[in-house]
Structure formats: structure tokens, C-alpha cells
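Data from entry_7.cif: mmCIF, C-alpha atoms
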```
data_start
loop_
_atom_site.label_atom_id
_atom_site.label_comp_id
_atom_site.auth_asym_id
_atom_site.auth_seq_id
_atom_site.Cartn_x
_atom_site.Cartn_y
_atom_site.Cartn_z
CA MET D 13 104.06 97.45 79.61
CA THR D 14 101.73 98.23 76.70
CA GLU D 15 98.43 98.89 78.47
CA PRO D 16 98.20 102.05 80.54
CA SER D 17 98.24 101.40 84.29
CA GLY D 18 96.10 103.12 86.85
CA GLU D 19 97.69 105.33 89.47
CA ARG D 20 96.87 102.82 92.21
CA GLU D 21 98.72 100.11 90.29
CA LEU D 22 101.74 102.39 89.87
CA GLU D 23 101.68 103.15 93.59
CA LEU D 24 101.65 99.43 94.38
CA ILE D 25 104.62 98.86 92.05
CA MET D 26 106.54 101.69 93.70
CA GLU D 27 105.74 100.40 97.17
CA LYS D 28 107.05 96.99 96.20
CA ALA D 29 110.18 98.46 94.62
CA THR D 30 110.97 100.70 97.58
CA GLN D 31 109.78 98.12 100.15
CA ALA D 32 107.32 100.75 101.36
CA SER D 33 110.33 102.85 102.36
CA LEU D 34 110.48 105.83 100.04
CA HIS D 35 112.92 107.58 102.39
CA SER D 36 115.64 105.04 101.64
CA SER D 37 115.27 105.46 97.86
CA LEU D 38 115.12 109.24 97.66
CA THR D 39 118.73 109.59 96.48
CA GLN D 40 118.04 107.25 93.58
CA LEU D 41 114.67 108.84 92.88
CA GLY D 42 116.42 112.19 92.66
CA GLU D 43 118.23 110.70 89.66
CA GLY D 44 114.91 109.55 88.19
CA TYR D 45 114.95 105.84 88.98
CA VAL D 46 114.80 103.25 91.72
CA SER D 47 116.49 99.81 91.77
CA TYR D 48 114.87 96.63 92.97
CA LYS D 49 116.73 93.30 92.80
CA GLY D 50 118.66 94.41 89.74
CA ILE D 51 115.57 95.78 88.02
CA ARG D 52 115.69 99.47 87.22
CA LEU D 53 112.44 101.42 87.40
CA GLY D 54 112.44 104.82 85.76
CA VAL D 55 109.77 106.98 87.40
CA CYS D 56 107.66 109.87 86.12
CA GLY D 57 104.99 111.83 87.92
CA LYS D 58 104.50 114.90 90.05
CA ILE D 59 107.49 115.54 92.26
CA SER D 60 107.07 117.26 95.59
CA GLU D 61 110.07 119.24 96.80
CA ARG D 62 111.05 121.19 99.90
CA ASN D 63 113.94 123.68 99.75
CA GLY D 64 115.09 122.14 96.49
CA GLN D 65 115.24 118.67 98.10
CA LEU D 66 113.12 115.83 96.76
CA LYS D 67 110.44 115.03 99.33
CA GLY D 68 108.65 112.35 97.35
CA TYR D 69 106.15 111.93 94.55
CA SER D 70 102.65 113.26 95.09
CA SER D 71 101.49 111.12 92.15
CA TYR D 72 102.96 108.71 89.61
CA SER D 73 102.12 108.93 85.92
CA SER D 74 104.37 106.26 84.39
CA ILE D 75 107.08 103.77 85.26
CA CYS D 76 109.63 102.27 82.88
CA ILE D 77 110.69 98.83 84.08
CA ARG D 78 113.99 97.48 82.75
CA ILE D 79 114.35 93.80 83.56
CA PRO D 80 117.96 92.54 83.42
CA ALA D 81 118.54 89.88 80.79
CA GLU D 82 120.48 86.66 81.17
CA PHE D 83 123.81 86.81 79.32
CA SER D 84 123.36 84.77 76.16
CA GLY D 85 126.81 84.84 74.55
CA ASP D 86 129.93 82.78 75.18
CA GLY D 87 131.37 84.46 78.29
CA GLN D 88 134.51 82.30 78.28
CA GLN D 89 135.28 83.28 74.70
CA ILE D 90 134.88 86.99 75.51
CA LEU D 91 137.10 86.69 78.57
CA LYS D 92 139.78 84.95 76.50
CA MET D 93 139.51 87.77 73.96
CA LEU D 94 139.99 90.41 76.69
CA CYS D 95 142.75 88.64 78.59
CA SER D 96 145.28 87.92 75.88
CA PRO D 97 147.84 87.82 77.36
CA GLU D 98 146.44 89.64 80.43
CA PHE D 99 143.45 91.81 81.28
CA LYS D 100 143.81 95.46 80.31
CA SER D 101 141.49 98.37 81.12
CA THR D 102 138.37 97.91 79.03
CA VAL D 103 135.34 99.96 78.11
CA ILE D 104 132.16 98.27 76.91
CA LEU D 105 130.28 100.23 74.25
CA SER D 106 126.74 100.10 72.95
CA PRO D 107 123.72 102.35 72.54
CA PRO D 108 121.17 102.34 75.43
CA GLY D 109 119.50 98.97 75.88
CA GLY D 110 122.28 97.21 73.98
CA GLY D 111 123.31 94.85 76.80
CA LYS D 112 126.29 96.67 78.32
CA THR D 113 125.34 96.00 81.93
CA THR D 114 124.61 92.33 81.23
CA LEU D 115 128.01 91.87 79.57
CA LEU D 116 129.74 93.86 82.31
CA ARG D 117 128.19 91.62 84.97
CA GLU D 118 129.32 88.50 83.08
CA ILE D 119 132.90 89.77 82.67
CA ILE D 120 133.10 90.79 86.36
CA ARG D 121 131.92 87.32 87.41
CA ARG D 122 134.44 85.54 85.17
CA LEU D 123 137.37 87.81 86.10
CA SER D 124 136.56 87.41 89.78
CA ASP D 125 136.21 83.64 89.49
CA SER D 126 139.57 83.50 87.72
CA GLY D 127 141.11 84.78 90.96
CA LEU D 128 141.57 88.47 90.14
CA ARG D 129 140.57 90.76 93.01
CA THR D 130 137.69 92.63 91.42
CA ALA D 131 135.98 95.55 93.12
CA VAL D 132 132.67 96.93 91.91
CA VAL D 133 131.19 100.38 92.50
CA ASP D 134 127.52 99.62 92.04
CA GLU D 135 125.95 103.05 92.23
CA ARG D 136 122.53 101.95 90.98
CA GLN D 137 122.58 98.51 92.59
CA GLU D 138 121.97 97.00 89.18
CA LEU D 139 125.13 94.93 88.94
CA CYS D 140 124.62 93.02 92.20
CA GLY D 141 120.87 93.59 92.44
CA GLY D 142 121.12 94.36 96.15
CA ASP D 143 117.93 94.08 98.21
CA SER D 144 116.73 95.59 101.46
CA ALA D 145 118.13 92.71 103.50
CA GLY D 146 121.62 93.50 102.23
CA GLY D 147 121.79 90.38 100.05
CA ASN D 148 122.88 90.28 96.42
CA PHE D 149 120.57 89.00 93.73
CA PHE D 150 123.27 88.40 91.10
CA GLU D 151 126.34 86.26 91.56
CA LEU D 152 129.50 88.30 90.87
CA GLY D 153 132.12 85.66 91.56
CA ARG D 154 134.21 84.55 94.49
CA CYS D 155 136.84 87.35 94.49
CA CYS D 156 134.47 90.26 94.10
CA ASP D 157 133.93 93.14 96.52
CA VAL D 158 130.83 95.22 95.94
CA LEU D 159 130.31 98.74 97.22
CA SER D 160 126.78 99.80 96.42
CA GLY D 161 124.62 102.88 96.83
CA VAL D 162 127.56 105.26 96.55
CA ASP D 163 128.53 107.45 93.62
CA LYS D 164 131.29 106.13 91.37
CA ALA D 165 133.79 108.87 92.16
CA ARG D 166 133.64 108.41 95.92
CA GLY D 167 133.18 104.66 95.72
CA SER D 168 136.27 103.99 93.61
CA ILE D 169 138.45 106.04 95.98
CA MET D 170 137.03 104.09 98.94
CA LEU D 171 137.74 100.78 97.21
CA LEU D 172 141.28 101.85 96.30
CA ARG D 173 142.00 102.75 99.91
CA GLY D 174 140.35 99.82 101.54
CA MET D 175 140.12 96.72 99.36
CA ASN D 176 143.40 96.51 97.44
CA PRO D 177 141.70 95.67 94.14
CA GLN D 178 143.40 94.60 90.91
CA ILE D 179 140.40 95.63 88.83
CA ILE D 180 137.74 98.26 89.52
CA ALA D 181 134.49 97.90 87.61
CA MET D 182 131.63 100.35 87.26
CA ASP D 183 128.59 100.90 85.08
CA GLU D 184 127.95 103.91 82.83
CA ILE D 185 130.47 106.71 82.94
CA THR D 186 128.31 109.79 82.57
CA LYS D 187 129.67 112.59 84.73
CA PRO D 188 132.98 114.50 84.80
CA GLU D 189 133.42 113.28 88.43
CA ASP D 190 133.39 109.69 87.13
CA THR D 191 136.21 110.59 84.74
CA GLU D 192 138.25 112.06 87.58
CA ALA D 193 137.77 108.91 89.64
CA LEU D 194 138.87 106.74 86.72
CA LEU D 195 141.99 108.86 86.19
CA GLU D 196 142.87 108.60 89.87
CA ALA D 197 142.31 104.84 89.95
CA ALA D 198 144.34 104.28 86.79
CA GLY D 199 147.17 106.27 88.35
CA CYS D 200 147.28 103.75 91.19
CA GLY D 201 148.01 100.84 88.88
CA VAL D 202 144.51 99.38 88.89
CA GLU D 203 142.90 98.04 85.71
CA LEU D 204 139.47 99.45 84.93
CA LEU D 205 136.31 97.99 83.50
CA ALA D 206 133.43 100.29 82.64
CA THR D 207 130.60 100.90 80.19
CA ALA D 208 129.71 103.90 78.05
CA HIS D 209 126.76 104.94 75.90
CA CYS D 210 128.40 104.89 72.51
CA SER D 211 127.83 102.84 69.38
CA SER D 212 131.49 102.39 68.41
CA ALA D 213 135.04 103.15 69.51
CA SER D 214 135.34 105.89 66.90
CA ASP D 215 132.28 107.64 68.44
CA LEU D 216 134.06 107.86 71.78
CA THR D 217 136.14 110.80 70.62
CA LYS D 218 132.99 112.80 69.84
CA ARG D 219 132.12 113.23 73.51
CA PRO D 220 134.41 115.40 75.64
CA ILE D 221 133.95 113.24 78.71
CA TYR D 222 135.41 110.18 76.93
CA ARG D 223 137.93 112.14 74.83
CA ARG D 224 139.93 112.94 77.95
CA LEU D 225 140.00 109.29 79.03
CA LEU D 226 141.25 108.29 75.59
CA SER D 227 143.91 110.98 75.43
CA GLU D 228 145.21 109.94 78.86
CA GLY D 229 145.31 106.34 77.67
CA ILE D 230 143.07 105.10 80.45
CA PHE D 231 141.27 102.46 78.41
CA ARG D 232 143.38 100.25 76.24
CA GLN D 233 140.67 98.18 74.64
CA ALA D 234 136.97 98.39 73.91
CA VAL D 235 134.24 95.83 73.38
CA GLU D 236 131.58 96.93 70.92
CA ILE D 237 128.20 95.27 71.16
CA SER D 238 126.17 95.16 67.99
CA ASN D 239 122.70 93.81 67.52
CA THR D 240 121.79 92.20 64.22
CA ALA D 241 118.32 90.65 63.85
CA GLY D 242 118.02 90.19 67.60
CA LYS D 243 121.40 88.46 67.88
CA ARG D 244 124.16 90.20 69.78
CA SER D 245 127.76 90.06 68.68
CA TYR D 246 130.88 91.31 70.48
CA ARG D 247 133.93 92.84 68.84
CA ARG D 248 137.18 93.82 70.52
CA THR D 249 139.00 96.99 69.42
CA GLU D 250 142.43 98.25 70.52
CA LEU D 251 142.30 101.88 71.63
CA MET U 8 65.98 78.09 150.15
CA LYS U 9 69.25 76.24 149.57
CA ILE U 10 68.98 76.80 145.83
CA ARG U 11 68.24 80.51 146.40
CA LEU U 12 71.30 80.81 148.64
CA LEU U 13 73.46 79.03 146.09
CA GLY U 14 72.13 81.28 143.31
CA ALA U 15 72.75 84.37 145.39
CA PHE U 16 76.37 83.43 146.13
CA LEU U 17 76.97 82.53 142.51
CA ALA U 18 75.63 85.94 141.49
CA LEU U 19 77.92 87.58 144.03
CA GLY U 20 80.92 85.59 142.76
CA GLY U 21 80.05 86.46 139.15
CA SER U 22 79.75 90.14 139.98
CA ILE U 23 83.09 90.20 141.78
CA MET U 24 84.67 88.32 138.84
CA ALA U 25 83.24 90.93 136.44
CA GLY U 26 84.84 93.64 138.57
CA LEU U 27 88.18 91.86 138.50
CA ILE U 28 88.00 91.37 134.71
CA TYR U 29 87.21 95.08 134.31
CA SER U 30 90.27 96.10 136.33
CA PHE U 31 92.42 93.52 134.46
CA CYS U 32 91.31 94.99 131.11
CA LEU U 33 92.20 98.46 132.34
CA SER U 34 95.69 97.40 133.44
CA SER U 35 96.26 95.47 130.17
CA ARG U 36 95.28 98.53 128.18
CA ILE U 37 97.78 100.61 130.15
CA ALA U 38 100.51 97.99 129.69
CA THR U 39 99.88 97.69 125.91
CA LEU U 40 99.82 101.46 125.55
CA ARG U 41 103.11 101.76 127.44
CA LYS U 42 104.76 99.07 125.28
CA MET U 43 103.44 100.69 122.11
CA CYS U 44 104.94 104.03 123.18
CA GLU U 45 108.29 102.32 123.83
CA ALA U 46 108.15 100.60 120.43
CA LEU U 47 107.34 103.86 118.65
CA ASP U 48 110.22 105.52 120.49
CA LEU U 49 112.52 102.79 119.19
CA MET U 50 111.05 103.13 115.70
CA TYR U 51 111.73 106.88 115.80
CA ILE U 52 115.36 106.36 116.81
CA GLN U 53 116.00 103.64 114.21
CA LEU U 54 114.46 105.72 111.42
CA GLU U 55 116.25 108.88 112.47
CA THR U 56 119.69 107.33 112.86
CA ARG U 57 119.69 104.56 110.26
CA GLY U 58 116.87 105.38 107.84
CA GLU U 59 115.99 101.69 108.08
CA LYS U 60 113.65 100.15 105.49
CA LEU U 61 110.26 99.34 106.99
CA PRO U 62 110.33 95.51 106.67
CA ARG U 63 113.66 95.35 108.52
CA LEU U 64 112.39 97.86 111.05
CA MET U 65 109.30 95.73 111.75
CA LEU U 66 111.47 92.67 112.25
CA PHE U 67 113.76 94.63 114.57
CA LEU U 68 110.82 95.85 116.65
CA SER U 69 109.19 92.41 116.83
CA GLU U 70 112.40 91.07 118.34
CA ARG U 71 112.48 93.75 121.00
CA CYS U 72 108.84 93.92 122.11
CA ASN U 73 106.51 91.53 123.85
CA GLY U 74 102.81 90.85 124.28
CA GLU U 75 100.32 92.35 121.86
CA VAL U 76 102.86 94.83 120.51
CA GLU U 77 105.24 92.01 119.60
CA SER U 78 102.47 90.16 117.82
CA PHE U 79 101.53 93.37 115.98
CA PHE U 80 105.03 93.92 114.60
CA SER U 81 105.73 90.26 113.86
CA SER U 82 102.38 89.81 112.04
CA LEU U 83 103.04 93.02 110.14
CA TYR U 84 106.50 91.81 109.12
CA LYS U 85 105.07 88.53 107.82
CA ARG U 86 102.30 90.29 105.94
CA LEU U 87 104.67 92.69 104.19
CA ASP U 88 105.28 90.05 101.53
CA ARG U 89 101.88 91.22 100.24
CA LEU U 90 103.46 94.53 99.21
CA GLY U 91 102.81 95.06 95.53
CA LYS U 92 99.34 93.56 95.88
CA GLU U 93 98.13 95.63 98.81
CA GLN U 94 99.15 99.05 100.04
CA PHE U 95 101.25 99.30 103.18
CA GLN U 96 98.71 101.48 104.97
CA TYR U 97 95.99 98.83 104.59
CA ILE U 98 98.27 96.04 105.78
CA TRP U 99 99.26 98.20 108.77
CA ALA U 100 95.64 99.10 109.62
CA GLU U 101 94.39 95.52 109.24
CA THR U 102 97.17 94.16 111.46
CA ALA U 103 96.57 96.84 114.09
CA GLU U 104 92.85 96.03 114.11
CA GLU U 105 93.51 92.32 114.58
CA THR U 106 96.32 92.39 117.11
CA LEU U 107 95.98 95.50 119.27
CA CYS U 108 92.58 94.55 120.69
CA ARG U 109 93.26 95.86 124.19
CA LEU U 110 93.74 99.46 123.09
CA GLY U 111 90.91 101.96 123.11
CA THR U 112 89.17 102.96 119.87
CA ASP U 113 90.76 106.42 119.76
CA GLU U 114 94.25 104.98 120.32
CA LEU U 115 93.73 102.36 117.61
CA THR U 116 92.50 105.02 115.19
CA GLU U 117 95.59 107.14 115.89
CA ILE U 118 97.89 104.18 115.25
CA LYS U 119 96.06 103.36 112.02
CA HIS U 120 96.53 106.95 110.85
CA LEU U 121 100.26 106.64 111.44
CA GLY U 122 100.35 103.86 108.81
CA GLU U 123 99.17 106.37 106.20
CA MET U 124 102.36 108.38 106.68
CA LEU U 125 105.00 105.70 107.12
CA GLY U 126 107.21 104.96 104.13
CA ARG U 127 105.44 107.40 101.82
CA THR U 128 107.50 110.55 102.29
CA GLU U 129 110.95 111.73 103.23
CA LEU U 130 112.18 110.93 106.73
CA GLU U 131 111.38 114.28 108.35
CA THR U 132 107.64 114.04 107.72
CA GLN U 133 107.53 110.43 108.92
CA LEU U 134 109.38 111.32 112.11
CA GLY U 135 106.93 114.18 112.68
CA ALA U 136 104.02 111.75 112.30
CA ILE U 137 105.55 109.29 114.79
CA GLN U 138 106.15 112.14 117.22
CA GLY U 139 102.51 113.27 116.87
CA THR U 140 101.23 109.75 117.54
CA LEU U 141 103.53 109.43 120.53
CA VAL U 142 102.27 112.67 122.05
CA PHE U 143 98.67 111.48 121.71
CA LEU U 144 99.35 108.00 123.10
CA ARG U 145 101.44 109.32 125.97
CA SER U 146 98.76 111.78 127.06
CA ASN U 147 96.21 108.96 126.98
CA LEU U 148 98.58 106.74 128.93
CA GLU U 149 99.10 109.41 131.57
CA MET U 150 95.37 109.97 131.91
CA LEU U 151 94.67 106.24 132.22
CA ARG U 152 97.40 105.83 134.82
CA GLN U 153 95.93 108.60 136.94
CA GLU U 154 92.41 107.28 136.63
CA TYR U 155 93.35 103.64 137.11
CA PRO U 156 93.20 103.36 140.97
CA GLN U 157 89.84 105.16 141.08
CA LYS U 158 88.36 103.23 138.18
CA LYS U 159 89.58 99.95 139.59
CA LYS U 160 88.02 100.71 142.98
CA LEU U 161 84.82 101.95 141.38
CA GLY U 162 84.54 98.87 139.16
CA LEU U 163 85.06 96.46 142.03
CA CYS U 164 82.69 98.33 144.37
CA LEU U 165 79.99 98.63 141.73
CA CYS U 166 80.17 94.96 140.82
CA SER U 167 80.18 93.91 144.48
CA ALA U 168 77.20 96.16 145.17
CA VAL U 169 75.29 94.62 142.28
CA GLY U 170 76.15 91.18 143.68
CA LEU U 171 74.97 92.12 147.19
CA LEU U 172 71.77 93.60 145.78
CA LEU U 173 71.11 90.32 144.00
CA ILE U 174 71.67 88.44 147.30
CA ILE U 175 69.18 90.67 149.10
CA VAL U 176 66.62 90.29 146.34
CA LEU U 177 67.05 86.54 146.12
CA ILE U 178 67.11 85.85 149.88
#
```
Mind turning the file's structure into C-alpha cells?
Amino acid sequence: MTEPSGERELELIMEKATQASLHSSLTQLGEGYVSYKGIRLGVCGKISERNGQLKGYSSYSSICIRIPAEFSGDGQQILKMLCSPEFKSTVILSPPGGGKTTLLREIIRRLSDSGLRTAVVDERQELCGGDSAGGNFFELGRCCDVLSGVDKARGSIMLLRGMNPQIIAMDEITKPEDTEALLEAAGCGVELLATAHCSSASDLTKRPIYRRLLSEGIFRQAVEISNTAGKRSYRRTEL
Amino acid sequence: MKIRLLGAFLALGGSIMAGLIYSFCLSSRIATLRKMCEALDLMYIQLETRGEKLPRLMLFLSERCNGEVESFFSSLYKRLDRLGKEQFQYIWAETAEETLCRLGTDELTEIKHLGEMLGRTELETQLGAIQGTLVFLRSNLEMLRQEYPQKKKLGLCLCSAVGLLLIIVLI
């Protein structure tokens, strides 16, 4: 959005995004965003709190809308690249806005359609694009179980216990708790698929949160997304 | 003379009919108010226990109410596709104005005010607002129930008296 929006317009956008139900989006808003049909809206404004708990926004000053893109590459080719001879735990790498979530969604769909039991912890409801009616906006394949609205650490344990997955997928590993969950899941013989804010595999070692995952041998391959003149390319690296 | 007699009896009939309509309006208002209180009770429980999103909540309530209250919640549910173009509170107020015609002005105003709180804050504040509206509506309901037999009798007597007066004047 290039032109500044009035506060009333921002309020209308937020009402649409939360389905006029701010109370059901407060957990997400506490993290600074709200999801609506796979679209992520980052929110700024004046927060009102009570006893350290987010009560709502008394006014909105700006909203950053991230509309999910359609995957434009050759998904089959990428899947072949990742599954030779069989799928191994994979981390997708790119700087913010590089197309990690789009690629992750495409890989999940193809893995699931190939018959592998794929479970997704969709903390931000961006992968499935869940709506208020409980429906999913994005197709994630026929063998996919989606657990949304729960943090990755708790969600992956729940999926391990209940859904007998072969692969657990999640978006954006950012917290130490996420790392713990990945370590636990990997210890149970499940393959993992996740994304990380990082421009290349060599950069992974620079961040402590990923260094531990590498040293434990959790991820065995990485897909690096690079963007040259608006065209995305995908490169596989052994870790 | 015959025409005068006919006119007089028609006036009497009309007056009695007016009395009956008055008492029917009173009882409809009481019934709508009672159903609205029940619906708000249900809304409170659903919000408190499930933190339901408002569109689903409106659908839920429309399936469990009847009469004017049912048409209020079902119209509201249909109109919620205008979210993003119009604010929830205006949709709520407009629907209340159009569908809850049998309620008194003060009750309608109270219900419209509730729309300004719903969906805009955390759950606790919304539940407080529903509770406040319920207290107001219930006290009105209680008052109307107590006054109903007297008002009904008064309405019928007054209308009949007017009718009889017309008969005397005309004959």
C-alpha cells in the first residue's frame, strides 16, 4: 500500500481480518500480526494492556499486508531433488520475503500427495490459510494433517503423540522452544521440514539457534532460494 | 337512524379492536424482550466458554431463537459479509433498528450500544457489556410483566369507554 490510509480504513481492514472478533486473534496480535485466509497482516498502533496482557488496540497507525504468492517454479523437479533416493529432513533458507513459505507449502502438498503422512504445525495459519469457519484456504494434499493456532513446540509434540506422522513440517524456526521441539521430533524417527531466515547454508552456523540443530545433525539438506532479476532459483545443499 | 346505529356499533368495534391491538403489542414486546434476554444469555455462555468468532456466533444464535430475535440474528449473519466495507457496530445497529420493532426505544438503544463493544476488545470487557445489557433488559422485562395485567385492563376499558361514548353521542 503506497498511499497512507485513514484510521477508519485501517479499522475496517482489521475488522475484516479478525471477522469483527478481536478476542479470538489476541494471541496472534500479541506477536504483532493477524492471519486471514493465508494473508499475514502486521499491525502497528497504540496497544492497550491490562496487567501486562494485551487487551486490544486503541488505535491503528499502519498495517503491513503480506499476500501469499502462487508457487511459480517446477515443484515436481524440486521434490525429485529432495527425495533422491528418499526424503530427508530439510530446511528451506532465504532472507525475509524470499518465498520460503510458498515453497514450503508446495513441498508439503507434493509430499502429502505422494502418500507420505505429513503433519503440519501451522502456528500462524499461513500454510493452510485457515478461516473462521474452520476451513482451509490452501490445498495441502491428501495425506496432510494440519494443527493450527498452536505454538510449534507444543504442536509438534501433539502431532507426534496423536497422528503418527512420517514428516512434520513447520514455518520459521525462531525460538529456542522450536529447536527443542525439533530435537524431540527427530529423536522419534520423524523427518522434518522447516524454514529459516538465512541467506545461505553457511550462514546457518552464525546463529546459535540453528548451530545446535546442525551440530545434532537434525537437518540433512537445505534448499537455498535466491532471487535474481525477479526470478527465483532453488539450490539443494547437503548439510 | 339505522346508519347512526351502524356507525355507533362500528365505532364500538373499532375501539375494542384498538384495545386488543394495544394489549397484543404489550405481550409481543414482553415476549421479544424475554427471547432477547435468553439469546444474550446464550451469547454470553458461548463467548465465555468457546471464545467463538462473531459470525459463527450469530449463525448459532439464529438457529436457536425464533420470532423477531431469530430474524435479527439471521439478518445480522447475512449482513456480516459487508465487514471490511462497514463497521460491525453500524451493521448491528441497522439490523436491530429494522428487525426488533416490537421493543421499546430505550431497550433498542441499549441493544445498539452493545454492538459498540462486541468484537472490539478482549473477552472480559465484552462479557461485562453483555452482562450490563442483560441487567437493563431484565429489569425492563420484570417491570413490564408486573404492569402487563393492569395495562391490558386499562387499555381495554379505556377503548371500550371511548366506544360507548361514541355510541351515546351518535344515538
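CA of Leu107 in chain U to CA of Glu75 in chain U spans 6.0 Å [interatomic distance, one decimal].
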Taking only residues of chain U that have an atom at most 8 Å from an atom of chain D, what is each one's shortest atom pair and its distance in Å to one decimal, using all atoms listed in the file, in chain and number order, as JSON lines?
```
{"residue": "U:Gly58", "atom": "CA", "partner": "D:Ser36", "partner_atom": "CA", "distance": 6.3}
{"residue": "U:Glu59", "atom": "CA", "partner": "D:Ser36", "partner_atom": "CA", "distance": 7.3}
{"residue": "U:Lys60", "atom": "CA", "partner": "D:Ser33", "partner_atom": "CA", "distance": 5.3}
{"residue": "U:Leu61", "atom": "CA", "partner": "D:Ser33", "partner_atom": "CA", "distance": 5.8}
{"residue": "U:Pro62", "atom": "CA", "partner": "D:Gln31", "partner_atom": "CA", "distance": 7.0}
{"residue": "U:Arg63", "atom": "CA", "partner": "D:Ala145", "partner_atom": "CA", "distance": 7.2}
{"residue": "U:Leu90", "atom": "CA", "partner": "D:Lys28", "partner_atom": "CA", "distance": 5.3}
{"residue": "U:Gly91", "atom": "CA", "partner": "D:Leu24", "partner_atom": "CA", "distance": 4.7}
{"residue": "U:Lys92", "atom": "CA", "partner": "D:Leu24", "partner_atom": "CA", "distance": 6.5}
{"residue": "U:Glu93", "atom": "CA", "partner": "D:Leu24", "partner_atom": "CA", "distance": 6.8}
{"residue": "U:Gln94", "atom": "CA", "partner": "D:Leu24", "partner_atom": "CA", "distance": 6.2}
{"residue": "U:Phe95", "atom": "CA", "partner": "D:Ala32", "partner_atom": "CA", "distance": 6.5}
{"residue": "U:Leu125", "atom": "CA", "partner": "D:Ser33", "partner_atom": "CA", "distance": 7.7}
{"residue": "U:Gly126", "atom": "CA", "partner": "D:Ser33", "partner_atom": "CA", "distance": 4.2}
{"residue": "U:Arg127", "atom": "CA", "partner": "D:Leu34", "partner_atom": "CA", "distance": 5.6}
{"residue": "U:Thr128", "atom": "CA", "partner": "D:Gly68", "partner_atom": "CA", "distance": 5.4}
{"residue": "U:Glu129", "atom": "CA", "partner": "D:His35", "partner_atom": "CA", "distance": 4.7}
{"residue": "U:Leu130", "atom": "CA", "partner": "D:His35", "partner_atom": "CA", "distance": 5.5}
```
Selection dump of the PyMOL selection byres ((chain U and resi 49) around 12), as number ranges by chain: U: 42-48, 50-57, 59, 64-65, 67-72, 134, 137-138, 141
For this structure, which residues satisfy the selection - the PyMOL selection byres ((chain D and resi 123-126) around 6) - when it is evaluated on the file as given? I want them as an mmCIF file with C-alpha atoms, in the coordinates of the input.
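As a result, out.cif now contains:
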```
data_model
loop_
_atom_site.group_PDB
_atom_site.id
_atom_site.type_symbol
_atom_site.label_atom_id
_atom_site.label_comp_id
_atom_site.auth_asym_id
_atom_site.auth_seq_id
_atom_site.Cartn_x
_atom_site.Cartn_y
_atom_site.Cartn_z
ATOM 1 C CA ILE D 119 132.900 89.770 82.670
ATOM 2 C CA ILE D 120 133.100 90.790 86.360
ATOM 3 C CA ARG D 121 131.920 87.320 87.410
ATOM 4 C CA ARG D 122 134.440 85.540 85.170
ATOM 5 C CA GLY D 127 141.110 84.780 90.960
ATOM 6 C CA LEU D 128 141.570 88.470 90.140
ATOM 7 C CA THR D 130 137.690 92.630 91.420
ATOM 8 C CA GLY D 153 132.120 85.660 91.560
ATOM 9 C CA ARG D 154 134.210 84.550 94.490
ATOM 10 C CA CYS D 155 136.840 87.350 94.490
ATOM 11 C CA CYS D 156 134.470 90.260 94.100
#
```
Interatomic distance (Å, one decimal) between CA of Cys32 in chain U and CA of Leu110 in chain U: 9.5 Å
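Nearest residue to Gly110 in chain D among D:Ile90, D:Ile237, D:Ala213, D:Ile185 is D:Ile237, counting all atoms listed in the file.
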Resolved residues for the PyMOL selection byres ((chain D and resi 191) around 12) as a PyMOL selection string: chain D and resi 164-166+168+182+184-190+192-198+204+206+208+220-226+228+230-231
Coordinates-based distance that separates CA of Ser74 in chain D from CA of Gln40 in chain D (Å, one decimal): 16.5 Å
Point (79.4, 86.7, 145.3), cut-off 10 Å, counting only C-alpha atoms, residues as a PyMOL selection string: chain U and resi 13-24+166-171+173-174
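Distance annotation: of D:Ser71, D:Asn176, D:Ser47, D:Thr249, the residue with the minimal separation from Leu139 in chain D is D:Ser47; atom set is all atoms listed in the file.
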